[in-house]
Amino acid sequence: MTILVEQPDFAIEVEEKKVSDQTGEENELVLDGEFVVPPTNAFGHTFRDYDVNSDRRDGVEEFYRINHINQSVDFVKRMREEYGKLDKVEMSIWECCELLNEVVDESDPDLDEPQIEHLLQTAEAIRKDYPDEGWLHLTALIHDLGKVLHLPAFGELPQWAVVGDTYPVGCAFDESIVHHKHFKKNLDYNNPAYNTKYGIYSEGCGLDNVLMSWGHDDYMYLVAKENKSTLPSAGLFIIRYHSFYALHRAGAYKHLMNEEDIENLKWLKIFNKYDLYSKSKVRIDVEKVKPYYLSLIEKYFPAKLRW
């Protein structure tokens, strides 16, 4: 079932800061009167700076080198077939949140805290500014749960197949993708069926029909969809594409979007501000906020899910 949600009135509710993308169009970095974007990340550097001379720079680039070499059409199809079975574990959403304490994202230059800290930081920041959008609060809480793929019970996939920026496979790799140079060793890079602007897709085909590089985003999307979550389509869109920075930051791949994607992208851009800039050393009192999120989980998900 597809549920559409009312789009925010950007002209009234937020102050807009315009940023040009690669198409020459203006993107909205949505800012409001409540959320203050911090000047630096947890390491004292600017956000998503992959060139800064930090302790994590070389490790992050090596992560993307391996990721870009291995994320091919064949690999993605195999992963979707295997993990689409949802036969690894049966557990609740909150149990999965607690499992995520064991994961640190090696691809992230902005944070080295356990993931549950980031989930709650993001959800609580959104809750403060959008108090009536419960579905968005829950989406923020669960958006990274697919990172459990890195744990033994889920096959212990390597981090390059779990985290990091995502992008379409089956068409040309856009140059806006971080560390693009490493795609040259990907088997699809020189395949004429996959290395053109459209590749195996068509104008306006809809992102739901596009194969994305495999990782936690697509996995959590499959988990939510196949377990009959009643989250609105914007929530599922955020889950699946929140790491698709080539689209929502650089404006690439818009030729593949349909009308529903265009509407949902507005919510994703709002979400991304909190997902990226709420990463900090601020601690959240888990027990204090837990009852609220349990009530949202009960509203939008079954008690137990197949993973």
# chains A, B, ... in the order shown; residues from 1 in each chain; ligands from 1

$ residues_around --residues "stretch 205-219 of chain A" --least-positions-apart "3" --cutoff "7 Å" --atoms "only C-alpha atoms" --output "list of chain:residue names"
A:Gln71, A:Val76, A:Met79, A:Asp144, A:Gly146, A:Lys147, A:Leu149, A:Ala161, A:Val162, A:Val163, A:Thr166, A:Tyr167, A:Pro168, A:Val169, A:Tyr201, A:Ser202, A:Leu222, A:Val223, A:Ile239, A:Arg240, A:Tyr241, A:Leu256, A:Met257, A:Asn258, A:Asp261

$ residues_around --residues "stretch 81-92 of chain A" --least-positions-apart "2" --cutoff "8 Å" --atoms "only C-alpha atoms" --output "PyMOL selection string"
chain A and resi 77-79+94-96+153-154+219+222-223+302-307

$ write_last_selection --atoms "C-alpha atoms" --output "short mmCIF file (atom, residue, chain, number, x, y, z; two decimals), in the first residue's frame"
data_model
loop_
_atom_site.label_atom_id
_atom_site.label_comp_id
_atom_site.auth_asym_id
_atom_site.auth_seq_id
_atom_site.Cartn_x
_atom_site.Cartn_y
_atom_site.Cartn_z
CA LYS A 77 21.35 -8.84 -7.99
CA ARG A 78 22.94 -11.64 -5.95
CA MET A 79 22.69 -9.67 -2.71
CA TRP A 94 13.92 -1.96 19.05
CA GLU A 95 15.93 -5.17 19.41
CA CYS A 96 17.63 -4.26 16.15
CA ALA A 153 24.00 -13.34 12.44
CA PHE A 154 23.43 -11.56 9.13
CA TYR A 219 18.34 -3.93 2.88
CA LEU A 222 13.36 -4.50 1.76
CA VAL A 223 12.82 -5.34 5.44
CA PRO A 302 4.47 -5.57 13.39
CA ALA A 303 5.80 -6.71 16.78
CA LYS A 304 8.33 -9.06 15.17
CA LEU A 305 9.95 -8.69 11.77
CA ARG A 306 11.73 -11.09 9.47
CA TRP A 307 15.24 -9.89 8.70
#

$ closest_residue --among "A:Pro158, A:Gly235, A:Gly251, A:Pro291" --to "A:Trp267" --atoms "only C-alpha atoms"
A:Gly235

$ atom_distance --atom1 "atom CA of A:Tyr300" --atom2 "atom CA of A:Thr230"
5.0 Å

$ atom_distance --atom1 "atom CA of A:His255" --atom2 "atom CA of A:Glu203"
5.6 Å

$ residues_around --residues "A:Trp160" --least-positions-apart "3" --cutoff "10 Å" --atoms "only C-alpha atoms" --output "mmCIF file with C-alpha atoms, in the first residue's frame"
data_model
loop_
_atom_site.group_PDB
_atom_site.id
_atom_site.type_symbol
_atom_site.label_atom_id
_atom_site.label_comp_id
_atom_site.auth_asym_id
_atom_site.auth_seq_id
_atom_site.Cartn_x
_atom_site.Cartn_y
_atom_site.Cartn_z
ATOM 1 C CA GLU A 62 40.494 2.609 0.859
ATOM 2 C CA PHE A 63 36.926 1.705 1.798
ATOM 3 C CA TYR A 64 35.595 3.450 -1.320
ATOM 4 C CA ARG A 65 38.283 1.917 -3.543
ATOM 5 C CA ILE A 66 37.094 -1.572 -2.636
ATOM 6 C CA ASN A 67 33.436 -0.542 -2.742
ATOM 7 C CA HIS A 68 33.689 0.953 -6.228
ATOM 8 C CA ILE A 69 35.542 -2.036 -7.643
ATOM 9 C CA ASN A 70 33.037 -4.598 -6.373
ATOM 10 C CA GLN A 71 29.582 -2.978 -6.598
ATOM 11 C CA ASP A 105 30.738 2.918 10.207
ATOM 12 C CA GLU A 106 34.229 2.899 8.638
ATOM 13 C CA SER A 107 33.056 4.925 5.626
ATOM 14 C CA HIS A 150 27.939 -6.403 9.185
ATOM 15 C CA LEU A 157 29.206 -8.754 5.146
ATOM 16 C CA VAL A 163 27.825 1.295 4.438
ATOM 17 C CA GLY A 164 28.965 4.285 2.416
ATOM 18 C CA ASP A 165 27.372 6.439 -0.273
ATOM 19 C CA TRP A 214 24.015 -2.892 -2.215
ATOM 20 C CA GLY A 215 24.146 -1.909 1.426
#

$ atom_distance --atom1 "atom CA of A:Glu287" --atom2 "atom CA of A:Glu98"
12.1 Å

$ select_by_dssp --residues "stretch 114-163 of chain A" --states "alpha helix (DSSP H)" --output "VMD selection string"
chain A and resid 115 to 129 134 to 142

$ closest_residue --among "A:Pro232, A:Asn101, A:Ala172, A:Leu265" --to "A:Glu133" --atoms "only C-alpha atoms"
A:Pro232

$ select_by_dssp --residues "stretch 45-294 of chain A" --states "strand (DSSP E or B)" --output "mmCIF file with N, CA and C atoms, in the first residue's frame"
data_model
loop_
_atom_site.group_PDB
_atom_site.id
_atom_site.type_symbol
_atom_site.label_atom_id
_atom_site.label_comp_id
_atom_site.auth_asym_id
_atom_site.auth_seq_id
_atom_site.Cartn_x
_atom_site.Cartn_y
_atom_site.Cartn_z
ATOM 1 N N GLU A 90 14.636 -13.221 13.338
ATOM 2 C CA GLU A 90 13.323 -12.647 13.627
ATOM 3 C C GLU A 90 13.438 -11.838 14.915
ATOM 4 N N MET A 91 13.135 -10.552 14.835
ATOM 5 C CA MET A 91 13.263 -9.690 16.012
ATOM 6 C C MET A 91 12.465 -8.407 15.795
ATOM 7 N N PRO A 168 23.359 4.315 -8.387
ATOM 8 C CA PRO A 168 22.813 3.297 -9.277
ATOM 9 C C PRO A 168 23.907 2.453 -9.924
ATOM 10 N N MET A 212 20.239 -0.144 -7.003
ATOM 11 C CA MET A 212 21.191 0.679 -6.268
ATOM 12 C C MET A 212 22.318 -0.186 -5.728
#

$ closest_residue --among "A:His182, A:Ile126, A:Glu263, A:Leu138" --to "A:Leu276" --atoms "only C-alpha atoms"
A:Ile126

$ closest_residue --among "A:His180, A:Arg283, A:Arg80, A:Lys299" --to "A:Leu119" --atoms "only C-alpha atoms"
A:Arg283
